$ cat query32.tsv   # TSV, C-alpha atoms
chain	number	residue	atom	x	y	z
A	1	MET	CA	-136.66	-20.76	-12.33
A	2	THR	CA	-133.02	-20.76	-11.14
A	3	SER	CA	-132.31	-23.89	-13.20
A	4	ASN	CA	-133.67	-22.24	-16.36
A	5	PRO	CA	-131.00	-21.44	-19.00
A	6	VAL	CA	-132.79	-18.19	-19.95
A	7	PHE	CA	-132.83	-17.09	-16.31
A	8	SER	CA	-129.13	-17.99	-16.00
A	9	ILE	CA	-128.08	-15.92	-19.00
A	10	ALA	CA	-130.37	-13.06	-17.93
A	11	LEU	CA	-128.70	-13.01	-14.51
A	12	PHE	CA	-125.26	-12.98	-16.11
A	13	MET	CA	-126.18	-10.18	-18.51
A	14	PHE	CA	-127.54	-8.08	-15.64
A	15	LEU	CA	-124.36	-8.54	-13.57
A	16	TYR	CA	-122.21	-7.99	-16.66
A	17	ALA	CA	-124.01	-4.71	-17.40
A	18	VAL	CA	-123.60	-3.55	-13.79
A	19	GLY	CA	-119.91	-4.48	-13.97
A	20	LYS	CA	-119.43	-2.45	-17.15
A	21	MET	CA	-121.09	0.57	-15.53
A	22	ILE	CA	-118.79	0.27	-12.51
A	23	ALA	CA	-115.76	-0.08	-14.81
A	24	LYS	CA	-116.76	3.09	-16.65
A	25	LYS	CA	-117.29	5.03	-13.42
A	26	THR	CA	-113.88	3.96	-12.06
A	27	ASP	CA	-111.96	4.51	-15.32
A	28	GLY	CA	-111.44	0.76	-15.63
A	29	ILE	CA	-109.71	0.29	-12.25
A	30	ILE	CA	-112.58	-1.92	-11.08
A	31	ALA	CA	-113.03	-4.01	-14.23
A	32	GLU	CA	-116.22	-5.89	-15.07
A	33	ALA	CA	-114.30	-9.16	-14.70
A	34	LEU	CA	-113.51	-8.31	-11.06
A	35	PHE	CA	-117.12	-7.41	-10.24
A	36	LEU	CA	-118.43	-10.56	-11.94
A	37	SER	CA	-115.88	-12.78	-10.22
A	38	LEU	CA	-116.68	-11.45	-6.77
A	39	ALA	CA	-120.44	-11.49	-7.39
A	40	TYR	CA	-120.44	-15.11	-8.56
A	41	ALA	CA	-117.97	-16.21	-5.89
A	42	ALA	CA	-120.28	-14.82	-3.22
A	43	GLY	CA	-123.35	-16.25	-4.95
A	44	PHE	CA	-121.87	-19.76	-5.17
A	45	ILE	CA	-120.44	-19.73	-1.63
A	46	PHE	CA	-123.70	-18.65	0.02
A	47	GLY	CA	-125.96	-20.73	-2.24
A	48	ILE	CA	-127.65	-17.71	-3.82
A	49	ILE	CA	-126.64	-18.77	-7.34
A	50	PRO	CA	-126.90	-22.47	-8.35
A	51	SER	CA	-123.52	-24.07	-9.04
A	52	ASN	CA	-124.65	-25.07	-12.57
A	53	SER	CA	-125.95	-21.60	-13.46
A	54	LEU	CA	-123.25	-20.70	-15.98
A	55	GLU	CA	-123.02	-24.22	-17.36
A	56	LEU	CA	-126.73	-24.12	-18.21
A	57	THR	CA	-126.14	-21.26	-20.66
A	58	GLY	CA	-123.96	-23.51	-22.84
A	59	ILE	CA	-121.49	-20.68	-23.34
A	60	PRO	CA	-118.56	-22.19	-21.38
A	61	ALA	CA	-118.83	-25.29	-23.60
A	62	MET	CA	-118.87	-23.11	-26.72
A	63	MET	CA	-115.80	-21.15	-25.59
A	64	ASN	CA	-113.89	-24.35	-24.81
A	65	ALA	CA	-114.88	-25.87	-28.17
A	66	PHE	CA	-113.82	-22.99	-30.44
A	67	GLY	CA	-114.50	-19.55	-28.97
A	68	THR	CA	-111.26	-19.07	-27.05
A	69	MET	CA	-109.03	-20.20	-29.92
A	70	LEU	CA	-110.93	-17.93	-32.32
A	71	LEU	CA	-110.27	-15.01	-29.98
A	72	VAL	CA	-106.58	-15.90	-29.81
A	73	THR	CA	-106.36	-15.97	-33.61
A	74	ASN	CA	-108.14	-12.61	-33.70
A	75	LEU	CA	-105.53	-11.16	-31.33
A	76	GLY	CA	-103.04	-11.66	-34.15
A	77	THR	CA	-105.13	-9.42	-36.40
A	78	MET	CA	-104.78	-6.58	-33.88
A	79	ILE	CA	-100.98	-6.51	-33.98
A	80	GLU	CA	-99.09	-4.31	-36.42
A	81	LEU	CA	-95.55	-5.62	-36.91
A	82	ALA	CA	-94.33	-2.24	-38.13
A	83	ARG	CA	-95.18	-0.62	-34.80
A	84	PHE	CA	-93.43	-3.38	-32.88
A	85	ILE	CA	-90.31	-3.00	-35.00
A	86	ARG	CA	-90.27	0.77	-34.46
A	87	GLU	CA	-90.71	0.36	-30.69
A	88	TRP	CA	-88.30	-2.58	-30.34
A	89	LYS	CA	-86.78	-1.26	-27.10
A	90	THR	CA	-90.19	-1.29	-25.40
A	91	VAL	CA	-90.77	-4.86	-26.60
A	92	VAL	CA	-87.40	-6.01	-25.20
A	93	VAL	CA	-88.08	-4.25	-21.88
A	94	CYS	CA	-91.44	-6.04	-21.57
A	95	PHE	CA	-89.95	-9.43	-22.43
A	96	ALA	CA	-87.28	-8.88	-19.77
A	97	GLY	CA	-89.86	-7.98	-17.13
A	98	LEU	CA	-91.91	-11.08	-17.93
A	99	ALA	CA	-88.78	-13.27	-17.93
A	100	VAL	CA	-87.75	-12.11	-14.44
A	101	MET	CA	-91.31	-12.49	-13.17
A	102	THR	CA	-91.49	-16.04	-14.53
A	103	LEU	CA	-88.11	-16.84	-12.97
A	104	PHE	CA	-89.33	-15.57	-9.58
A	105	PHE	CA	-92.51	-17.65	-9.84
A	106	CYS	CA	-90.63	-20.80	-10.83
A	107	THR	CA	-88.16	-20.45	-7.96
A	108	ILE	CA	-89.51	-18.45	-5.01
A	109	GLY	CA	-93.12	-19.19	-5.94
A	110	ILE	CA	-92.62	-22.95	-6.12
A	111	MET	CA	-90.71	-22.96	-2.82
A	112	MET	CA	-93.50	-21.05	-1.07
A	113	PHE	CA	-96.69	-22.51	-2.56
A	114	GLY	CA	-95.78	-25.43	-4.81
A	115	ARG	CA	-95.55	-26.12	-8.52
A	116	GLU	CA	-99.26	-25.98	-9.43
A	117	TYR	CA	-99.88	-22.59	-7.83
A	118	ALA	CA	-96.69	-21.10	-9.30
A	119	LEU	CA	-97.29	-22.31	-12.86
A	120	SER	CA	-100.99	-21.43	-12.72
A	121	ALA	CA	-100.04	-17.86	-11.76
A	122	VAL	CA	-97.58	-17.11	-14.57
A	123	ALA	CA	-99.95	-16.55	-17.51
A	124	PRO	CA	-102.72	-14.67	-15.65
A	125	VAL	CA	-100.25	-12.22	-14.06
A	126	ALA	CA	-98.43	-11.91	-17.40
A	127	GLY	CA	-101.61	-10.92	-19.19
A	128	GLY	CA	-105.35	-10.70	-19.30
A	129	ILE	CA	-108.60	-12.57	-19.71
A	130	VAL	CA	-107.60	-14.80	-22.63
A	131	ALA	CA	-104.50	-16.18	-20.85
A	132	ALA	CA	-106.40	-16.61	-17.58
A	133	GLY	CA	-109.22	-18.37	-19.42
A	134	MET	CA	-106.77	-20.84	-20.97
A	135	ILE	CA	-105.27	-21.70	-17.58
A	136	SER	CA	-108.70	-21.91	-15.97
A	137	SER	CA	-109.90	-24.28	-18.72
A	138	ALA	CA	-106.81	-26.49	-18.27
A	139	ALA	CA	-107.45	-26.64	-14.53
A	140	GLU	CA	-111.10	-27.56	-15.02
A	141	ALA	CA	-110.19	-30.27	-17.54
A	142	ALA	CA	-107.84	-31.72	-14.93
A	143	GLY	CA	-110.55	-31.57	-12.26
A	144	GLN	CA	-108.53	-28.98	-10.28
A	145	LEU	CA	-111.26	-26.39	-9.76
A	146	ASP	CA	-109.45	-24.53	-6.97
A	147	TYR	CA	-106.66	-23.65	-9.41
A	148	ALA	CA	-109.25	-22.52	-11.97
A	149	ALA	CA	-110.66	-20.13	-9.36
A	150	PHE	CA	-107.12	-19.07	-8.43
A	151	ALA	CA	-106.27	-18.12	-12.03
A	152	SER	CA	-109.54	-16.25	-12.47
A	153	LEU	CA	-109.12	-14.26	-9.26
A	154	LEU	CA	-105.53	-13.37	-10.14
A	155	CYS	CA	-106.72	-11.99	-13.45
A	156	SER	CA	-109.54	-10.07	-11.77
A	157	LEU	CA	-107.44	-8.52	-8.99
A	158	GLN	CA	-104.10	-7.77	-10.62
A	159	SER	CA	-105.01	-4.28	-11.79
A	160	PHE	CA	-105.26	-3.19	-8.13
A	161	VAL	CA	-101.52	-3.81	-7.84
A	162	GLY	CA	-100.30	-2.91	-11.32
A	163	VAL	CA	-102.26	0.29	-12.01
A	164	PRO	CA	-101.19	2.43	-9.01
A	165	LEU	CA	-97.55	1.32	-9.28
A	166	SER	CA	-97.41	1.99	-13.02
A	167	ALA	CA	-99.16	5.36	-12.64
A	168	TYR	CA	-96.74	6.41	-9.89
A	169	LEU	CA	-93.68	5.49	-11.97
A	170	MET	CA	-95.14	7.16	-15.07
A	171	HIS	CA	-95.72	10.31	-13.04
A	172	LYS	CA	-92.11	10.29	-11.85
A	173	TYR	CA	-90.93	9.85	-15.45
A	174	CYS	CA	-93.09	12.73	-16.67
A	175	ASP	CA	-91.92	14.88	-13.74
A	176	SER	CA	-88.35	14.46	-14.94
A	177	ILE	CA	-89.31	15.52	-18.48
A	178	VAL	CA	-91.21	18.59	-17.25
A	179	LYS	CA	-88.32	19.55	-14.98
A	180	SER	CA	-85.77	19.19	-17.80
A	181	GLY	CA	-87.99	20.92	-20.36
A	182	ASP	CA	-87.00	18.31	-22.97
A	183	PHE	CA	-90.22	17.46	-24.84
A	184	SER	CA	-88.50	16.18	-27.98
A	185	ASP	CA	-89.69	12.91	-29.51
A	186	HIS	CA	-88.24	9.72	-28.05
A	187	TYR	CA	-86.08	7.49	-30.22
A	188	VAL	CA	-87.82	5.14	-32.61
A	189	SER	CA	-86.43	2.95	-35.34
A	190	LYS	CA	-87.05	4.15	-38.89
A	191	ILE	CA	-87.52	0.59	-40.17
A	192	ASN	CA	-90.76	-0.07	-42.05
A	193	PHE	CA	-92.37	-3.45	-42.53
A	194	ASN	CA	-94.87	-4.31	-45.26
A	195	ILE	CA	-95.37	-7.77	-46.79
A	196	LYS	CA	-98.99	-7.44	-47.90
A	197	PHE	CA	-99.56	-9.07	-51.28
A	198	ILE	CA	-103.20	-10.25	-51.05
A	199	ASN	CA	-106.08	-7.87	-51.73
A	200	MET	CA	-109.39	-9.49	-50.91
A	201	PRO	CA	-112.31	-8.55	-53.20
A	202	SER	CA	-115.23	-6.83	-51.50
A	203	ALA	CA	-117.41	-9.93	-52.01
A	204	LEU	CA	-115.13	-11.83	-49.62
A	205	ASN	CA	-115.22	-9.12	-46.96
A	206	GLU	CA	-118.78	-9.77	-45.84
A	207	SER	CA	-118.79	-10.46	-42.08
A	208	SER	CA	-119.36	-14.23	-42.27
A	209	MET	CA	-116.63	-14.60	-44.91
A	210	MET	CA	-114.18	-12.66	-42.74
A	211	VAL	CA	-114.90	-14.98	-39.80
A	212	PHE	CA	-114.64	-18.00	-42.12
A	213	ARG	CA	-111.11	-16.95	-43.11
A	214	LEU	CA	-110.26	-16.47	-39.44
A	215	LEU	CA	-111.52	-19.99	-38.73
A	216	LEU	CA	-109.37	-21.35	-41.58
A	217	ILE	CA	-106.29	-19.88	-39.91
A	218	THR	CA	-107.39	-21.41	-36.61
A	219	LEU	CA	-107.80	-24.79	-38.29
A	220	LEU	CA	-104.35	-24.49	-39.85
A	221	GLY	CA	-102.86	-23.81	-36.42
A	222	GLN	CA	-104.61	-26.84	-34.95
A	223	PHE	CA	-103.43	-29.00	-37.86
A	224	ILE	CA	-99.78	-27.96	-37.43
A	225	SER	CA	-100.04	-28.49	-33.67
A	226	ASN	CA	-101.40	-32.00	-34.23
A	227	LEU	CA	-98.59	-32.74	-36.70
A	228	SER	CA	-96.08	-31.77	-34.01
A	229	GLY	CA	-97.75	-34.12	-31.54
A	230	GLY	CA	-98.70	-31.14	-29.39
A	231	PHE	CA	-95.09	-29.97	-29.06
A	232	LEU	CA	-96.13	-26.68	-30.70
A	233	PRO	CA	-99.13	-25.37	-28.71
A	234	THR	CA	-102.21	-24.50	-30.75
A	235	ALA	CA	-102.64	-21.12	-29.01
A	236	VAL	CA	-99.13	-20.01	-29.91
A	237	LEU	CA	-99.50	-21.14	-33.52
A	238	VAL	CA	-102.88	-19.52	-34.17
A	239	LEU	CA	-101.68	-16.26	-32.60
A	240	PHE	CA	-98.66	-15.99	-34.89
A	241	LEU	CA	-100.53	-17.31	-37.92
A	242	GLY	CA	-103.10	-14.59	-37.24
A	243	ILE	CA	-100.34	-11.97	-37.29
A	244	ILE	CA	-98.87	-13.31	-40.54
A	245	GLY	CA	-102.29	-13.78	-42.15
A	246	THR	CA	-103.12	-10.14	-41.44
A	247	GLU	CA	-99.76	-8.80	-42.62
A	248	ILE	CA	-100.06	-10.58	-46.00
A	249	GLY	CA	-103.67	-9.41	-46.44
A	250	PHE	CA	-105.51	-12.74	-46.06
A	251	LEU	CA	-107.18	-11.55	-42.84
A	252	GLU	CA	-108.71	-8.18	-42.09
A	253	ARG	CA	-107.32	-6.03	-39.31
A	254	GLN	CA	-109.37	-6.65	-36.12
A	255	THR	CA	-111.52	-9.22	-37.91
A	256	LEU	CA	-114.03	-10.03	-35.16
A	257	THR	CA	-114.67	-6.36	-34.40
A	258	ARG	CA	-115.29	-5.54	-38.07
A	259	ALA	CA	-117.51	-8.60	-38.44
A	260	GLY	CA	-119.56	-7.70	-35.36
A	261	PHE	CA	-118.68	-10.84	-33.35
A	262	MET	CA	-116.12	-9.44	-30.91
A	263	SER	CA	-118.48	-8.23	-28.18
A	264	PHE	CA	-120.32	-11.56	-28.01
A	265	LEU	CA	-117.19	-13.72	-27.85
A	266	LEU	CA	-115.50	-11.43	-25.34
A	267	MET	CA	-118.60	-11.60	-23.18
A	268	GLY	CA	-118.48	-15.39	-23.48
A	269	LEU	CA	-114.85	-15.43	-22.40
A	270	ILE	CA	-115.59	-13.24	-19.38
A	271	LEU	CA	-118.51	-15.54	-18.53
A	272	THR	CA	-116.14	-18.52	-18.27
A	273	LEU	CA	-114.01	-16.89	-15.56
A	274	PRO	CA	-116.48	-17.20	-12.64
A	275	HIS	CA	-117.42	-20.71	-13.87
A	276	GLY	CA	-114.42	-22.01	-11.95
A	277	PHE	CA	-115.85	-20.68	-8.70
A	278	ARG	CA	-118.84	-23.02	-8.65
A	279	THR	CA	-117.33	-25.41	-6.07
A	280	LEU	CA	-115.90	-22.67	-3.86
A	281	THR	CA	-116.62	-22.65	-0.16
A	282	ALA	CA	-115.86	-19.86	2.28
A	283	GLU	CA	-112.90	-21.92	3.53
A	284	SER	CA	-111.44	-22.61	0.08
A	285	PHE	CA	-111.93	-18.98	-0.94
A	286	GLY	CA	-110.07	-17.85	2.18
A	287	ALA	CA	-107.29	-20.32	1.45
A	288	LEU	CA	-106.76	-18.74	-1.98
A	289	LEU	CA	-106.26	-15.20	-0.70
A	290	LEU	CA	-102.71	-15.64	0.64
A	291	PRO	CA	-101.25	-17.15	-2.57
A	292	ILE	CA	-103.13	-14.56	-4.64
A	293	VAL	CA	-101.63	-11.65	-2.69
A	294	PHE	CA	-98.19	-13.31	-2.71
A	295	PHE	CA	-98.08	-13.89	-6.48
A	296	LEU	CA	-99.47	-10.44	-7.31
A	297	VAL	CA	-96.81	-8.73	-5.18
A	298	LEU	CA	-94.02	-11.03	-6.39
A	299	GLY	CA	-95.17	-10.56	-9.98
A	300	ALA	CA	-95.10	-6.77	-9.71
A	301	ILE	CA	-91.61	-6.87	-8.18
A	302	GLY	CA	-90.32	-9.17	-10.93
A	303	LEU	CA	-91.84	-7.04	-13.69
A	304	MET	CA	-90.36	-3.83	-12.31
A	305	ILE	CA	-86.90	-5.30	-11.70
A	306	GLY	CA	-86.66	-6.96	-15.11
A	307	GLY	CA	-87.95	-3.91	-16.95
A	308	ALA	CA	-85.71	-1.45	-15.07
A	309	ILE	CA	-82.53	-3.49	-15.56
A	310	ILE	CA	-82.96	-3.87	-19.31
A	311	GLY	CA	-84.16	-0.28	-19.53
A	312	LYS	CA	-80.87	0.82	-17.99
A	313	ILE	CA	-78.91	-1.29	-20.51
A	314	LEU	CA	-80.90	0.04	-23.48
A	315	LYS	CA	-80.74	3.64	-22.18
A	316	VAL	CA	-84.48	3.80	-21.57
A	317	ASP	CA	-85.47	5.77	-18.47
A	318	MET	CA	-85.73	3.18	-15.67
A	319	ARG	CA	-88.99	4.63	-14.35
A	320	LEU	CA	-90.57	4.47	-17.81
A	321	ALA	CA	-89.20	0.94	-18.33
A	322	ALA	CA	-90.63	-0.30	-15.02
A	323	SER	CA	-93.96	1.42	-15.71
A	324	VAL	CA	-94.43	-0.11	-19.17
A	325	SER	CA	-93.33	-3.53	-17.90
A	326	LEU	CA	-96.15	-3.41	-15.35
A	327	SER	CA	-98.65	-3.12	-18.23
A	328	ALA	CA	-98.82	-6.93	-18.06
A	329	MET	CA	-101.06	-6.47	-15.02
A	330	PHE	CA	-103.73	-4.37	-16.75
A	331	GLY	CA	-103.30	-3.92	-20.53
A	332	PHE	CA	-105.43	-1.76	-22.81
A	333	PRO	CA	-107.39	0.49	-22.19
A	334	MET	CA	-105.69	1.17	-18.83
A	335	THR	CA	-102.41	1.71	-20.70
A	336	GLN	CA	-103.98	4.72	-22.39
A	337	ILE	CA	-105.94	5.89	-19.35
A	338	ILE	CA	-102.83	6.00	-17.15
A	339	VAL	CA	-100.88	8.16	-19.60
A	340	ASP	CA	-103.86	10.45	-20.23
A	341	ASN	CA	-104.50	10.95	-16.51
A	342	VAL	CA	-100.84	11.62	-15.74
A	343	VAL	CA	-100.33	14.03	-18.63
A	344	ASP	CA	-103.60	15.89	-18.00
A	345	SER	CA	-102.54	16.49	-14.38
A	346	TYR	CA	-99.90	18.99	-15.60
A	347	THR	CA	-102.32	21.89	-15.84
A	348	ASP	CA	-99.49	24.47	-15.81
A	349	LEU	CA	-98.11	23.18	-19.12
A	350	SER	CA	-99.20	24.61	-22.43
A	351	ASP	CA	-101.49	22.46	-24.57
A	352	GLU	CA	-98.61	21.98	-27.02
A	353	ASN	CA	-96.20	20.69	-24.37
A	354	ARG	CA	-98.84	18.43	-22.85
A	355	GLU	CA	-99.34	16.81	-26.25
A	356	LYS	CA	-95.58	16.44	-26.70
A	357	LEU	CA	-95.39	14.82	-23.26
A	358	ARG	CA	-98.21	12.47	-24.21
A	359	GLU	CA	-96.34	11.55	-27.40
A	360	LYS	CA	-93.22	10.66	-25.40
A	361	ALA	CA	-95.09	8.21	-23.16
A	362	MET	CA	-98.14	6.92	-25.00
A	363	PRO	CA	-96.53	4.86	-27.83
A	364	GLN	CA	-94.38	2.83	-25.42
A	365	MET	CA	-97.29	2.16	-23.07
A	366	ILE	CA	-99.65	1.08	-25.86
A	367	ILE	CA	-97.04	-1.22	-27.44
A	368	ALA	CA	-96.20	-2.59	-23.98
A	369	GLY	CA	-99.82	-3.60	-23.42
A	370	PHE	CA	-99.95	-5.49	-26.70
A	371	THR	CA	-96.54	-7.10	-26.06
A	372	THR	CA	-97.45	-8.41	-22.62
A	373	VAL	CA	-101.20	-9.01	-22.56
A	374	THR	CA	-101.92	-9.72	-26.21
A	375	ILE	CA	-98.88	-11.69	-27.33
A	376	THR	CA	-96.61	-13.00	-24.58
A	377	SER	CA	-99.21	-13.99	-22.00
A	378	VAL	CA	-101.11	-16.07	-24.58
A	379	ALA	CA	-97.87	-17.69	-25.76
A	380	ILE	CA	-96.93	-18.47	-22.15
A	381	ALA	CA	-100.38	-19.91	-21.46
A	382	GLY	CA	-100.15	-22.02	-24.61
A	383	PHE	CA	-96.88	-23.59	-23.46
A	384	ILE	CA	-97.61	-23.86	-19.72
A	385	ALA	CA	-101.29	-24.94	-19.66
A	386	PRO	CA	-100.61	-28.52	-20.89
A	387	LEU	CA	-97.80	-28.95	-18.34
A	388	ILE	CA	-99.30	-27.75	-15.07
A	389	PHE	CA	-101.39	-30.74	-14.06
A	390	VAL	CA	-99.53	-33.60	-15.71
$ encode --input "query32.tsv" --output "structure tokens"
Amino acid sequence: MTSNPVFSIALFMFLYAVGKMIAKKTDGIIAEALFLSLAYAAGFIFGIIPSNSLELTGIPAMMNAFGTMLLVTNLGTMIELARFIREWKTVVVCFAGLAVMTLFFCTIGIMMFGREYALSAVAPVAGGIVAAGMISSAAEAAGQLDYAAFASLLCSLQSFVGVPLSAYLMHKYCDSIVKSGDFSDHYVSKINFNIKFINMPSALNESSMMVFRLLLITLLGQFISNLSGGFLPTAVLVLFLGIIGTEIGFLERQTLTRAGFMSFLLMGLILTLPHGFRTLTAESFGALLLPIVFFLVLGAIGLMIGGAIIGKILKVDMRLAASVSLSAMFGFPMTQIIVDNVVDSYTDLSDENREKLREKAMPQMIIAGFTTVTITSVAIAGFIAPLIFV
């Protein structure tokens, strides 16, 4: 029975459902990816789950063939350029935090744990499941399964470091606003951005046609990457082509969600994370813990330092800048949950002032999550993944 594909997918769906319930109960602090990773790691190590269990479902092969790249292209449909232009300071702060973190990994990280560990850590700590999946796939293709497990565990555990630090800094920022009594709107650029010139007829907005257009953009990205001899990574190209395709009206905003395919493909991506654990032993799992803790702590320090320094230069509150920079370690929906929890804790404020406080913090945090997790981490993974194991 344990070598039956139907049993394998049934087991995954059960654990996935339990993980989602735990994530809901803990407001996303214990994400389903973390529960699944730990459950499968334990199952593989102690021989409870067969090492080929996930492979039997065929889903890891599907995600490697086209699923992951389709998700990356879809990320581009979720990004509104106008919002990024208006919140340009937040974008610059996040880039700075990621730049300092990457610098720390490529210097201190390499000195402490070597090139492969350091480079494998950059994209997962800079973002979420998609970036971690790309690094994990590159490690598996190179036969380096320990690094695949390392990337997956980093992705699963990083919220335990990023969330409390970001929440603490956000609380300090909000404390300063409440103390000053200044609830006025924060500065945003008045620039608008609209280049839409294609209006798709309703006949072409049926779900399969929407996904077909998304696949065309993915194919275009692969074609350009091949023309460049791989110099321009496919993941980076399809992400930015997805953004442009949506802005001009060729693609629908949040295509996979509107077409009803998002939940399935996201589940498939999450399923690939514990796939890298199938050769883990208790000894190899233990050996991964020290570099995992090291890179999570170093990553958080780099993100906070980079964000705070540029925040100071751009006259953004340093506590807010460090908090939004840390969004790389959790992303949406935790970006919203943190702000909501912090703002709602001010029970002495009037409803009007609480909403004004929320408006001062929420836009930056939401944009920060998209900047780090959705855009930059995928771009980093696209560039770094082909270079790690050469």
$ residues_near_point --input "query32.tsv" --point "(-105.7, -25.4, -7.6)" --cutoff "9 Å" --atoms "only C-alpha atoms" --output "list in words"
Glu116, Tyr117, Ser120, Ala139, Gln144, Leu145, Asp146, Tyr147, Ala148, Ala149, Phe150, Ala151 and Leu288 of chain A
$ residues_near_point --input "query32.tsv" --point "(-119.0, -14.1, -6.6)" --cutoff "12 Å" --atoms "only C-alpha atoms" --output "number ranges by chain"
A: 12, 15, 33-51, 149, 152-153, 156, 273-282, 285
$ residues_around --input "query32.tsv" --residues "Ile244 (chain A)" --least-positions-apart "6" --cutoff "9 Å" --atoms "only C-alpha atoms" --output "list in words"
Gly76, Thr77, Phe250 and Leu251 of chain A
$ closest_residue --input "query32.tsv" --among "A:Gly306, A:Pro124, A:Gly221, A:Pro233" --to "Ala379 (chain A)" --atoms "all atoms listed in the file"
A:Pro233
$ atom_distance --input "query32.tsv" --atom1 "CA of Leu75 (chain A)" --atom2 "CA of Ser228 (chain A)"
22.8 Å
$ residues_around --input "query32.tsv" --residues "Met262 (chain A)" --least-positions-apart "5" --cutoff "12 Å" --atoms "all atoms listed in the file" --output "number ranges by chain"
A: 67-68, 70-72, 74-75, 207, 211, 254-257, 267-269
$ residues_around --input "query32.tsv" --residues "Asp340 (chain A)" --least-positions-apart "4" --cutoff "12 Å" --atoms "all atoms listed in the file" --output "NGL selection string"
:A and (27 or 167 or 170-171 or 174 or 333-336 or 344-346 or 354-355 or 357-363 or 365-366)
$ residues_around --input "query32.tsv" --residues "Val163 (chain A)" --least-positions-apart "6" --cutoff "9 Å" --atoms "all atoms listed in the file" --output "list of chain:residue names"
A:Ile29, A:Leu326, A:Ser327, A:Met329, A:Phe330, A:Met334, A:Thr335, A:Ile338
$ atom_distance --input "query32.tsv" --atom1 "CA of Ala142 (chain A)" --atom2 "CA of Ile375 (chain A)"
25.2 Å
$ atom_distance --input "query32.tsv" --atom1 "CA of Ala121 (chain A)" --atom2 "CA of Ser263 (chain A)"
26.5 Å
$ closest_residue --input "query32.tsv" --among "A:Leu239, A:Val390, A:Val324, A:Met62" --to "Leu98 (chain A)" --atoms "all atoms listed in the file"
A:Val324
$ closest_residue --input "query32.tsv" --among "A:Ile367, A:Met69, A:Ala300, A:Ala118" --to "Thr234 (chain A)" --atoms "only C-alpha atoms"
A:Met69
$ residues_around --input "query32.tsv" --residues "Ile198 (chain A)" --least-positions-apart "3" --cutoff "12 Å" --atoms "all atoms listed in the file" --output "list in words"
Asn194, Ile195, Pro201, Ile244, Gly245, Thr246, Glu247, Ile248, Gly249, Phe250, Leu251 and Glu252 of chain A
$ closest_residue --input "query32.tsv" --among "A:Met200, A:Val122, A:Val236, A:Leu266" --to "Ala99 (chain A)" --atoms "only C-alpha atoms"
A:Val122
$ closest_residue --input "query32.tsv" --among "A:Ser323, A:Asn4, A:Asn226, A:Asn353" --to "Tyr168 (chain A)" --atoms "only C-alpha atoms"
A:Ser323
$ closest_residue --input "query32.tsv" --among "A:Ile135, A:Met304, A:Leu227, A:Ala123" --to "Ala321 (chain A)" --atoms "only C-alpha atoms"
A:Met304
